>>> print(open('my_file_12.tsv').read())   # TSV, C-alpha atoms
chain	number	residue	atom	x	y	z
K	1	MET	CA	0.00	0.00	0.00
K	2	ASN	CA	1.21	3.50	-0.85
K	3	PHE	CA	1.03	5.05	2.62
K	4	PRO	CA	1.28	8.78	1.61
K	5	TYR	CA	-1.33	8.32	-1.15
K	6	TYR	CA	-3.74	6.57	1.24
K	7	ILE	CA	-3.51	9.35	3.85
K	8	ALA	CA	-3.80	12.07	1.15
K	9	LYS	CA	-6.97	10.45	-0.20
K	10	ARG	CA	-8.47	10.33	3.31
K	11	TYR	CA	-7.62	14.00	3.82
K	12	LEU	CA	-9.14	14.99	0.47
K	13	PHE	CA	-12.52	13.33	0.93
K	14	SER	CA	-12.92	13.45	4.71
K	15	LYS	CA	-14.42	16.34	6.65
K	16	LYS	CA	-11.82	18.86	7.84
K	17	GLY	CA	-11.72	20.58	11.16
K	18	THR	CA	-12.33	23.91	9.46
K	19	ASN	CA	-15.12	24.01	6.88
K	20	ALA	CA	-13.31	26.77	4.93
K	21	ILE	CA	-10.72	24.20	3.85
K	22	ASN	CA	-13.43	22.16	2.12
K	23	VAL	CA	-14.70	25.29	0.42
K	24	ILE	CA	-11.25	26.39	-0.76
K	25	SER	CA	-10.46	22.86	-2.01
K	26	ALA	CA	-13.73	22.84	-3.97
K	27	VAL	CA	-12.98	26.30	-5.37
K	28	SER	CA	-9.48	25.15	-6.38
K	29	MET	CA	-10.89	22.10	-8.13
K	30	GLY	CA	-13.61	24.17	-9.80
K	31	GLY	CA	-11.14	26.81	-11.02
K	32	ILE	CA	-8.90	24.18	-12.59
K	33	ALA	CA	-11.93	22.45	-14.13
K	34	VAL	CA	-13.17	25.70	-15.68
K	35	ALA	CA	-9.72	26.57	-17.06
K	36	THR	CA	-9.35	23.04	-18.46
K	37	MET	CA	-12.81	23.21	-20.03
K	38	ALA	CA	-11.91	26.55	-21.62
K	39	LEU	CA	-8.72	25.06	-23.08
K	40	ILE	CA	-10.61	22.14	-24.62
K	41	VAL	CA	-13.37	24.32	-26.06
K	42	VAL	CA	-11.13	27.10	-27.44
K	43	LEU	CA	-8.65	24.70	-29.04
K	44	SER	CA	-11.54	22.74	-30.56
K	45	VAL	CA	-13.07	25.92	-32.00
K	46	PHE	CA	-9.73	26.78	-33.62
K	47	ASN	CA	-9.65	23.25	-35.04
K	48	GLY	CA	-13.16	23.76	-36.35
K	49	PHE	CA	-12.22	26.94	-38.19
K	50	HIS	CA	-9.07	25.24	-39.50
K	51	ASP	CA	-11.11	22.34	-40.93
K	52	LEU	CA	-13.74	24.73	-42.30
K	53	VAL	CA	-11.15	26.82	-44.17
K	54	ALA	CA	-9.48	23.64	-45.44
K	55	SER	CA	-12.82	22.44	-46.84
K	56	PHE	CA	-13.18	25.69	-48.81
K	57	PHE	CA	-9.76	25.32	-50.38
K	58	THR	CA	-10.40	21.73	-51.45
K	59	THR	CA	-13.11	22.93	-53.84
K	60	PHE	CA	-10.60	25.01	-55.79
K	61	ASP	CA	-7.08	23.82	-55.01
K	62	PRO	CA	-5.72	20.58	-56.47
K	63	GLN	CA	-4.50	17.72	-54.31
K	64	LEU	CA	-0.96	18.32	-55.56
K	65	GLN	CA	0.53	21.28	-57.39
K	66	ILE	CA	3.92	21.20	-59.10
K	67	VAL	CA	5.62	24.57	-59.64
K	68	PRO	CA	9.14	25.52	-60.82
K	69	THR	CA	11.58	26.34	-58.04
K	70	MET	CA	13.33	28.88	-60.28
K	71	GLY	CA	11.34	31.32	-62.40
K	72	LYS	CA	7.61	31.40	-63.02
K	73	ASP	CA	7.18	28.96	-65.90
K	74	ALA	CA	8.42	25.72	-67.42
K	75	PRO	CA	8.06	23.99	-70.81
K	76	THR	CA	5.09	21.66	-71.10
K	77	ASP	CA	7.20	19.00	-72.81
K	78	ASP	CA	9.72	18.78	-69.96
K	79	PRO	CA	10.57	15.04	-69.61
K	80	ILE	CA	10.22	15.32	-65.83
K	81	LEU	CA	6.63	16.56	-66.09
K	82	THR	CA	5.85	13.94	-68.73
K	83	GLN	CA	7.15	11.19	-66.44
K	84	ILE	CA	5.04	12.50	-63.56
K	85	LYS	CA	1.89	12.57	-65.70
K	86	GLN	CA	2.43	8.93	-66.64
K	87	LEU	CA	2.61	7.66	-63.06
K	88	PRO	CA	-0.09	5.02	-62.41
K	89	GLN	CA	-1.27	6.89	-59.28
K	90	ILE	CA	-2.26	9.99	-61.28
K	91	ASP	CA	-5.97	10.21	-62.13
K	92	VAL	CA	-6.14	13.75	-63.58
K	93	ALA	CA	-3.34	16.11	-64.63
K	94	THR	CA	-4.05	19.69	-65.70
K	95	GLU	CA	-1.62	22.25	-67.06
K	96	CYS	CA	-2.18	25.79	-65.81
K	97	VAL	CA	-0.98	29.26	-66.76
K	98	GLU	CA	-1.53	31.94	-64.14
K	99	ASP	CA	-0.53	35.61	-64.09
K	100	GLN	CA	-1.84	39.08	-63.29
K	101	ALA	CA	-3.75	41.28	-65.71
K	102	LEU	CA	-6.16	44.22	-65.85
K	103	ALA	CA	-9.86	43.51	-66.37
K	104	VAL	CA	-12.11	46.26	-67.76
K	105	TYR	CA	-15.89	46.05	-68.01
K	106	GLN	CA	-17.69	49.14	-69.26
K	107	ASP	CA	-16.47	51.95	-66.96
K	108	LYS	CA	-15.04	49.72	-64.20
K	109	GLN	CA	-11.70	48.02	-63.91
K	110	ALA	CA	-9.77	45.81	-61.49
K	111	MET	CA	-6.44	44.04	-61.21
K	112	VAL	CA	-7.09	40.32	-61.51
K	113	LYS	CA	-5.37	36.96	-61.63
K	114	ILE	CA	-6.03	35.04	-64.81
K	115	LYS	CA	-5.94	31.27	-64.28
K	116	GLY	CA	-5.84	29.41	-67.58
K	117	VAL	CA	-6.82	25.76	-67.24
K	118	GLU	CA	-7.45	22.78	-69.47
K	119	ASP	CA	-10.91	21.42	-70.15
K	120	ASN	CA	-10.57	18.75	-67.45
K	121	PHE	CA	-10.29	21.31	-64.65
K	122	ASP	CA	-13.76	20.35	-63.40
K	123	GLU	CA	-12.49	16.77	-62.99
K	124	LEU	CA	-9.44	17.98	-61.06
K	125	THR	CA	-11.34	20.10	-58.51
K	126	HIS	CA	-14.88	20.54	-57.19
K	127	ILE	CA	-15.38	23.76	-59.12
K	128	THR	CA	-18.87	22.76	-60.31
K	129	GLU	CA	-20.03	22.58	-56.67
K	130	ILE	CA	-19.32	26.27	-56.07
K	131	LEU	CA	-20.83	27.78	-59.22
K	132	TYR	CA	-23.80	30.17	-58.98
K	133	GLY	CA	-25.98	31.43	-61.80
K	134	ASP	CA	-28.25	30.23	-64.59
K	135	GLY	CA	-25.45	28.96	-66.84
K	136	GLU	CA	-23.10	26.00	-66.51
K	137	TYR	CA	-19.39	25.26	-66.35
K	138	GLU	CA	-18.00	26.01	-69.83
K	139	LEU	CA	-14.70	27.54	-70.90
K	140	HIS	CA	-15.16	27.88	-74.66
K	141	ALA	CA	-17.62	27.23	-77.48
K	142	GLY	CA	-16.31	27.50	-81.02
K	143	ASN	CA	-14.34	30.73	-81.25
K	144	LEU	CA	-15.89	32.17	-78.07
K	145	GLN	CA	-13.73	32.25	-74.97
K	146	TYR	CA	-15.52	32.24	-71.62
K	147	GLY	CA	-14.32	33.57	-68.27
K	148	ILE	CA	-15.71	32.48	-64.89
K	149	LEU	CA	-15.29	35.27	-62.33
K	150	GLY	CA	-15.07	35.09	-58.57
K	151	ILE	CA	-18.28	36.39	-57.02
K	152	ARG	CA	-16.69	39.42	-55.34
K	153	LEU	CA	-14.83	40.34	-58.51
K	154	ALA	CA	-18.12	40.20	-60.41
K	155	GLN	CA	-19.57	42.62	-57.86
K	156	THR	CA	-16.57	44.95	-58.18
K	157	LEU	CA	-16.82	45.05	-61.97
K	158	GLY	CA	-20.61	45.12	-61.94
K	159	THR	CA	-20.92	42.17	-64.31
K	160	GLY	CA	-23.21	39.94	-62.29
K	161	ALA	CA	-23.29	36.22	-63.03
K	162	TYR	CA	-24.05	36.90	-66.68
K	163	PHE	CA	-22.69	39.85	-68.65
K	164	ARG	CA	-23.70	40.76	-72.20
K	165	ASP	CA	-20.79	43.02	-73.11
K	166	PHE	CA	-17.24	41.80	-73.63
K	167	LEU	CA	-14.93	41.69	-70.61
K	168	ARG	CA	-11.64	43.09	-71.87
K	169	ILE	CA	-8.37	41.79	-70.42
K	170	TYR	CA	-5.09	43.73	-70.67
K	171	ALA	CA	-1.68	42.17	-70.06
K	172	PRO	CA	1.79	43.73	-70.63
K	173	MET	CA	3.66	42.47	-73.66
K	174	ARG	CA	6.58	40.22	-72.70
K	175	GLU	CA	8.82	41.40	-75.52
K	176	GLY	CA	9.45	44.64	-77.41
K	177	GLN	CA	9.79	48.26	-76.37
K	178	LEU	CA	7.05	50.49	-75.06
K	179	ASP	CA	6.02	53.35	-77.37
K	180	LEU	CA	5.40	56.26	-74.99
K	181	THR	CA	3.34	58.06	-77.63
K	182	ASP	CA	0.93	55.12	-77.63
K	183	PRO	CA	1.02	53.36	-74.23
K	184	THR	CA	-1.74	50.94	-75.23
K	185	SER	CA	0.61	49.37	-77.79
K	186	GLY	CA	2.56	47.83	-74.91
K	187	PHE	CA	-0.38	45.64	-73.91
K	188	VAL	CA	-1.93	42.47	-75.28
K	189	VAL	CA	-5.70	42.86	-75.29
K	190	ASP	CA	-8.26	40.08	-75.51
K	191	SER	CA	-11.92	39.63	-74.64
K	192	LEU	CA	-14.02	37.16	-72.69
K	193	MET	CA	-17.69	36.28	-72.73
K	194	SER	CA	-19.77	35.00	-69.81
K	195	PRO	CA	-20.98	31.38	-69.42
K	196	GLY	CA	-23.64	32.68	-67.02
K	197	VAL	CA	-22.01	31.57	-63.76
K	198	VAL	CA	-19.62	32.86	-61.09
K	199	PHE	CA	-17.76	30.86	-58.44
K	200	SER	CA	-17.61	31.42	-54.68
K	201	VAL	CA	-14.87	29.77	-52.60
K	202	HIS	CA	-15.72	31.94	-49.55
K	203	GLN	CA	-12.09	33.09	-49.53
K	204	SER	CA	-11.33	36.64	-50.59
K	205	LYS	CA	-8.05	35.77	-52.32
K	206	TYR	CA	-10.05	33.76	-54.85
K	207	ASP	CA	-13.48	35.39	-54.90
K	208	ARG	CA	-12.01	38.89	-55.25
K	209	ASP	CA	-9.18	38.31	-57.73
K	210	TYR	CA	-9.54	35.21	-59.92
K	211	ILE	CA	-10.93	34.60	-63.39
K	212	ILE	CA	-10.88	31.03	-64.74
K	213	VAL	CA	-10.26	30.96	-68.50
K	214	PRO	CA	-9.21	28.44	-71.17
K	215	ILE	CA	-5.48	27.77	-71.10
K	216	ALA	CA	-5.17	28.74	-74.78
K	217	PHE	CA	-6.54	32.19	-73.93
K	218	ALA	CA	-4.04	32.63	-71.07
K	219	ARG	CA	-1.09	31.47	-73.17
K	220	THR	CA	-1.94	33.91	-75.94
K	221	LEU	CA	-2.53	36.75	-73.48
K	222	PHE	CA	0.73	36.25	-71.59
K	223	GLY	CA	2.88	35.02	-74.50
K	224	GLN	CA	3.34	31.62	-72.86
K	225	GLN	CA	2.93	29.30	-75.83
K	226	GLY	CA	4.24	25.85	-74.98
K	227	MET	CA	4.72	26.85	-71.33
K	228	LEU	CA	2.95	26.34	-68.01
K	229	THR	CA	3.24	27.93	-64.58
K	230	SER	CA	2.00	24.86	-62.69
K	231	LEU	CA	0.99	21.26	-63.19
K	232	GLU	CA	-1.96	20.32	-61.00
K	233	LEU	CA	-2.77	16.73	-60.09
K	234	ARG	CA	-5.52	14.59	-58.64
K	235	LEU	CA	-4.59	11.14	-57.42
K	236	LYS	CA	-6.57	7.95	-57.84
K	237	GLU	CA	-8.71	6.87	-54.92
K	238	GLY	CA	-7.06	4.42	-52.57
K	239	CYS	CA	-3.47	5.31	-53.35
K	240	ASN	CA	-1.07	6.31	-50.58
K	241	PHE	CA	-1.01	10.11	-50.71
K	242	SER	CA	2.18	10.66	-48.72
K	243	ALA	CA	4.11	7.96	-50.56
K	244	THR	CA	2.97	9.27	-53.94
K	245	LYS	CA	3.96	12.82	-53.03
K	246	ARG	CA	7.42	11.63	-51.99
K	247	GLU	CA	7.80	9.69	-55.24
K	248	ILE	CA	6.78	12.70	-57.33
K	249	GLN	CA	9.17	14.96	-55.41
K	250	LYS	CA	11.96	12.45	-56.00
K	251	ILE	CA	11.27	12.58	-59.75
K	252	ALA	CA	10.98	16.37	-59.72
K	253	GLY	CA	14.25	16.78	-57.83
K	254	ASP	CA	15.39	20.33	-57.17
K	255	LYS	CA	13.83	21.66	-60.36
K	256	TYR	CA	10.22	21.56	-59.15
K	257	GLN	CA	8.42	21.88	-55.85
K	258	VAL	CA	5.53	19.53	-55.06
K	259	MET	CA	2.93	21.09	-52.75
K	260	ASP	CA	-0.17	19.63	-51.13
K	261	ARG	CA	-3.20	21.77	-50.28
K	262	TYR	CA	-1.83	22.88	-46.92
K	263	GLU	CA	1.49	23.91	-48.48
K	264	GLN	CA	-0.32	25.80	-51.23
K	265	GLN	CA	-2.04	27.84	-48.50
K	266	ALA	CA	0.91	27.85	-46.09
K	267	ASP	CA	0.44	31.50	-45.06
K	268	THR	CA	-3.21	31.08	-44.13
K	269	PHE	CA	-2.71	27.94	-42.07
K	270	LYS	CA	0.45	29.29	-40.44
K	271	ILE	CA	-1.50	32.31	-39.18
K	272	MET	CA	-4.21	30.03	-37.79
K	273	LYS	CA	-1.60	27.89	-35.99
K	274	ILE	CA	-0.02	30.99	-34.46
K	275	GLU	CA	-3.44	32.21	-33.27
K	276	LYS	CA	-4.14	28.80	-31.73
K	277	LEU	CA	-0.73	28.79	-30.00
K	278	ILE	CA	-1.31	32.28	-28.55
K	279	ALA	CA	-4.74	31.24	-27.26
K	280	TYR	CA	-3.17	28.16	-25.66
K	281	ILE	CA	-0.49	30.26	-23.94
K	282	PHE	CA	-3.00	32.79	-22.57
K	283	LEU	CA	-5.32	30.09	-21.26
K	284	THR	CA	-2.36	28.31	-19.66
K	285	PHE	CA	-1.58	31.53	-17.78
K	286	ILE	CA	-5.19	31.60	-16.56
K	287	LEU	CA	-4.79	27.97	-15.52
K	288	MET	CA	-1.67	28.86	-13.54
K	289	ILE	CA	-3.58	31.59	-11.70
K	290	ALA	CA	-6.39	29.13	-10.94
K	291	SER	CA	-3.79	26.68	-9.59
K	292	PHE	CA	-2.69	29.21	-6.98
K	293	ASN	CA	-5.89	28.40	-5.08
K	294	ILE	CA	-4.36	25.00	-4.34
K	295	ILE	CA	-1.61	26.76	-2.39
K	296	GLY	CA	-4.16	28.33	-0.07
K	297	SER	CA	-6.00	25.04	0.31
K	298	LEU	CA	-2.82	23.11	1.17
K	299	SER	CA	-1.59	25.81	3.53
K	300	MET	CA	-4.76	25.63	5.59
K	301	LEU	CA	-4.79	21.83	5.42
K	302	ILE	CA	-1.23	21.63	6.80
K	303	ILE	CA	-2.19	23.93	9.67
K	304	ASP	CA	-5.37	21.96	10.30
K	305	LYS	CA	-3.54	18.61	10.34
K	306	LYS	CA	-0.63	19.83	12.47
K	307	ASP	CA	-1.46	17.40	15.28
K	308	ASP	CA	-1.86	14.53	12.79
K	309	VAL	CA	1.59	15.26	11.42
K	310	VAL	CA	3.08	15.00	14.92
K	311	THR	CA	1.26	11.69	15.44
K	312	LEU	CA	2.49	10.30	12.10
K	313	ARG	CA	6.03	11.37	12.90
K	314	ASN	CA	5.85	9.62	16.29
K	315	LEU	CA	4.58	6.49	14.57
K	316	GLY	CA	7.70	6.42	12.42
K	317	ALA	CA	6.68	8.33	9.28
K	318	SER	CA	9.63	10.04	7.65
K	319	GLU	CA	9.66	13.70	6.64
K	320	LYS	CA	9.71	12.59	3.02
K	321	GLN	CA	6.51	10.56	3.50
K	322	ILE	CA	4.79	13.42	5.29
K	323	THR	CA	5.75	15.79	2.49
K	324	LYS	CA	4.40	13.33	-0.08
K	325	ILE	CA	1.04	13.27	1.69
K	326	PHE	CA	0.43	16.94	0.98
K	327	LEU	CA	1.98	16.73	-2.48
K	328	PHE	CA	-0.45	13.94	-3.35
K	329	GLU	CA	-3.27	16.02	-1.89
K	330	GLY	CA	-2.52	18.98	-4.18
K	331	ARG	CA	-1.91	16.81	-7.22
K	332	MET	CA	-5.18	14.93	-6.72
K	333	ILE	CA	-7.01	18.26	-6.62
K	334	GLY	CA	-5.37	19.18	-9.94
K	335	ALA	CA	-6.01	15.76	-11.52
K	336	ILE	CA	-9.69	15.67	-10.51
K	337	GLY	CA	-10.16	19.24	-11.74
K	338	ALA	CA	-8.49	18.29	-15.05
K	339	ILE	CA	-10.70	15.23	-15.56
K	340	VAL	CA	-13.89	17.12	-14.69
K	341	GLY	CA	-12.86	19.99	-16.98
K	342	ILE	CA	-12.09	17.66	-19.89
K	343	VAL	CA	-15.45	15.89	-19.51
K	344	LEU	CA	-17.31	19.22	-19.37
K	345	GLY	CA	-15.29	20.58	-22.32
K	346	LEU	CA	-16.03	17.52	-24.46
K	347	LEU	CA	-19.71	17.74	-23.48
K	348	LEU	CA	-19.87	21.41	-24.52
K	349	CYS	CA	-18.13	20.61	-27.82
K	350	TRP	CA	-20.64	17.83	-28.51
K	351	LEU	CA	-23.56	20.13	-27.72
K	352	GLN	CA	-22.11	22.81	-30.03
K	353	GLN	CA	-21.58	20.30	-32.83
K	354	THR	CA	-25.06	18.84	-32.44
K	355	PHE	CA	-27.21	21.87	-31.66
K	356	GLY	CA	-25.07	24.91	-32.58
K	357	LEU	CA	-25.70	26.59	-29.23
K	358	VAL	CA	-23.41	29.59	-29.88
K	359	ALA	CA	-24.26	31.32	-33.16
K	360	LEU	CA	-21.92	33.48	-35.22
K	361	GLY	CA	-24.53	36.13	-35.88
K	362	GLU	CA	-28.10	37.09	-35.14
K	363	SER	CA	-29.35	36.63	-38.71
K	364	SER	CA	-29.22	33.16	-40.21
K	365	GLY	CA	-27.30	32.92	-43.47
K	366	SER	CA	-25.11	35.98	-42.81
K	367	PHE	CA	-22.05	33.76	-42.46
K	368	VAL	CA	-20.77	30.66	-44.20
K	369	VAL	CA	-21.82	28.67	-41.11
K	370	ASN	CA	-24.46	29.73	-38.63
K	371	ALA	CA	-22.68	28.50	-35.49
K	372	TYR	CA	-19.08	28.28	-34.32
K	373	PRO	CA	-17.52	25.18	-35.89
K	374	VAL	CA	-16.00	22.69	-33.45
K	375	SER	CA	-13.59	19.83	-34.09
K	376	VAL	CA	-12.14	17.85	-31.19
K	377	HIS	CA	-8.64	16.47	-31.77
K	378	TYR	CA	-7.46	13.81	-29.32
K	379	THR	CA	-3.96	15.33	-29.39
K	380	ASP	CA	-5.37	18.58	-27.96
K	381	VAL	CA	-7.15	16.64	-25.21
K	382	ILE	CA	-3.91	14.88	-24.25
K	383	LEU	CA	-1.96	18.15	-24.44
K	384	THR	CA	-4.50	19.87	-22.19
K	385	PHE	CA	-4.45	17.05	-19.64
K	386	VAL	CA	-0.65	17.00	-19.52
K	387	THR	CA	-0.54	20.81	-19.24
K	388	VAL	CA	-2.99	20.87	-16.33
K	389	LEU	CA	-1.14	18.12	-14.48
K	390	ALA	CA	2.22	19.83	-15.04
K	391	VAL	CA	0.94	23.21	-13.86
K	392	GLY	CA	-0.79	21.65	-10.85
K	393	TRP	CA	2.21	19.59	-9.80
K	394	ILE	CA	4.58	22.54	-10.10
K	395	ALA	CA	2.15	24.76	-8.18
K	396	VAL	CA	2.09	22.47	-5.13
K	397	TRP	CA	5.77	21.55	-4.97
K	398	TYR	CA	7.29	24.72	-3.52
K	399	PRO	CA	4.58	25.69	-0.98
K	400	VAL	CA	4.48	22.17	0.49
K	401	ARG	CA	8.25	22.04	0.89
K	402	TYR	CA	8.30	25.55	2.33
K	403	LEU	CA	5.50	24.98	4.84
K	404	ARG	CA	6.91	21.64	5.97
K	405	GLU	CA	10.30	23.27	6.58
K	406	LYS	CA	8.67	25.95	8.74
K	407	GLN	CA	6.82	23.41	10.85
K	408	ARG	CA	9.82	21.25	11.67
>>> encode(input="my_file_12.tsv", output="structure tokens")
Amino acid sequence: MNFPYYIAKRYLFSKKGTNAINVISAVSMGGIAVATMALIVVLSVFNGFHDLVASFFTTFDPQLQIVPTMGKDAPTDDPILTQIKQLPQIDVATECVEDQALAVYQDKQAMVKIKGVEDNFDELTHITEILYGDGEYELHAGNLQYGILGIRLAQTLGTGAYFRDFLRIYAPMREGQLDLTDPTSGFVVDSLMSPGVVFSVHQSKYDRDYIIVPIAFARTLFGQQGMLTSLELRLKEGCNFSATKREIQKIAGDKYQVMDRYEQQADTFKIMKIEKLIAYIFLTFILMIASFNIIGSLSMLIIDKKDDVVTLRNLGASEKQITKIFLFEGRMIGAIGAIVGIVLGLLLCWLQQTFGLVALGESSGSFVVNAYPVSVHYTDVILTFVTVLAVGWIAVWYPVRYLREKQR
């Protein structure tokens, strides 16, 4: 039998000589439980937003994107790219040409990103799931070239989902000298028609800036015949994603970079990770403050059990064993508070997931989701539990040693 643990358990659950000790112990446990619950809930909300943003990107971004490490473009007939396209794990491969241009519609204009794609772009991504309007996904018909605008860009230019006039696109000429007497001669100008739809990714970097066009249009506009700025891939179902990515990167060598969806949006997800880390640090500080209540509880308990300590010492208990009694007492308060807080936090997360108790706004439909998204990750639960135990154990170590030294 672990003698110090047995005595500590009796002290924790038995009635004390002074009722205030019971109250302070309960307050200490409650404070730790609340701080633990807050950690679980806040980290899960950050996970929910992370997963929500990731789901938006998957409708537009490819599973894998291959871009040159040096320069902006590469030849389409590069043997490395050809070898990658022929891998058995590749289901869809699309060449893309992307660059900036000026879009002008009637009396409005905006700087845009032109993304030229092949006809199988709808097979590569879930673009058809995010189209709005009376038309359908179509990039060209005969000699007509269509452009699909992001929804916010369509609002900026005043085109709507369907525009009757030509949308004129201006791009600087890659070669030749600019004639200052006629500045317009330094631009390549082409026109787009509307297929009657716009797309909405619910991310401003796409909805505000992008126009999806046929790759032939983009190559002519930017003088990129026989070139591409990226090769975008979708893998076959069931294949090992990580192993395939490593194999492609091995083939690509130092000439190309192979990026998954998270790497394509590295800045966005890095900011979200930093925000989550800062929230974790602040809540840990609150947890540390809540743990200070244990010090008061243990201090009063040591005073209350002063006679018991003398009796235990006379019965042969060592100073180390007596110290362990109060250490176990404080650590049990922290552990019980952590377990209660985790259970309450998981319960709140389940209620939020199921019923959406906390809404994002008063009017339904104002946001992409009506309630705060929640996603519980078991790694966060373990991290929270370890953090609470560590903070609680550190909080009780010094005061117990100090008080025991004073009472010798």
>>> closest_residue(input="my_file_12.tsv", among="K:Pro62, K:Gly71, K:Gly186, K:Pro79", to="Val92 (chain K)", atoms="only C-alpha atoms")
K:Pro62
>>> closest_residue(input="my_file_12.tsv", among="K:Val189, K:Leu357, K:Leu312, K:Ala290", to="Thr36 (chain K)", atoms="all atoms listed in the file")
K:Ala290
>>> residues_near_point(input="my_file_12.tsv", point="(-16.9, 25.0, -34.7)", cutoff="12 Å", atoms="all atoms listed in the file", output="JSON, numbers by chain")
{"K": [41, 42, 43, 44, 45, 46, 47, 48, 49, 50, 51, 52, 53, 348, 349, 350, 351, 352, 353, 354, 355, 356, 357, 358, 359, 360, 368, 369, 370, 371, 372, 373, 374, 375, 376]}
>>> residues_around(input="my_file_12.tsv", residues="region 213-219 of chain K", least_positions_apart="3", cutoff="8 Å", atoms="only C-alpha atoms", output="ChimeraX atom specification")
/K:95-98,114-119,139-140,145-148,222-227
>>> residues_around(input="my_file_12.tsv", residues="region 126-137 of chain K", least_positions_apart="5", cutoff="7 Å", atoms="all atoms listed in the file", output="PyMOL selection string")
chain K and resi 59-60+161+195-201
>>> atom_distance(input="my_file_12.tsv", atom1="CA of Asn240 (chain K)", atom2="CA of Gln89 (chain K)")
8.7 Å
>>> atom_distance(input="my_file_12.tsv", atom1="CA of Trp397 (chain K)", atom2="CA of Gln321 (chain K)")
13.9 Å
>>> closest_residue(input="my_file_12.tsv", among="K:Leu231, K:Asp91, K:Leu283, K:Asp267", to="Thr76 (chain K)", atoms="only C-alpha atoms")
K:Leu231
>>> closest_residue(input="my_file_12.tsv", among="K:Gly337, K:Thr58, K:Asp308, K:Met193", to="Ala141 (chain K)", atoms="all atoms listed in the file")
K:Met193
>>> residues_around(input="my_file_12.tsv", residues="region 326-330 of chain K", least_positions_apart="6", cutoff="7 Å", atoms="all atoms listed in the file", output="ChimeraX atom specification")
/K:5,8-9,12,294,298,396-397,400
>>> closest_residue(input="my_file_12.tsv", among="K:Trp393, K:Phe187, K:Tyr105, K:Tyr206", to="Gly150 (chain K)", atoms="only C-alpha atoms")
K:Tyr206
>>> closest_residue(input="my_file_12.tsv", among="K:Ile303, K:Tyr280, K:Gln257, K:Tyr262", to="Met70 (chain K)", atoms="only C-alpha atoms")
K:Gln257
>>> atom_distance(input="my_file_12.tsv", atom1="CA of Met259 (chain K)", atom2="CA of Ala171 (chain K)")
27.7 Å
>>> residues_around(input="my_file_12.tsv", residues="Gly31 (chain K)", least_positions_apart="4", cutoff="12 Å", atoms="all atoms listed in the file", output="ChimeraX atom specification")
/K:24-27,35-38,286-294,333-334,336-338,340-341,388,392
>>> residues_around(input="my_file_12.tsv", residues="Val112 (chain K)", least_positions_apart="4", cutoff="8 Å", atoms="only C-alpha atoms", output="list of chain:residue names")
K:Gln100, K:Ala101, K:Leu102, K:Ala103, K:Asp209, K:Tyr210, K:Ile211
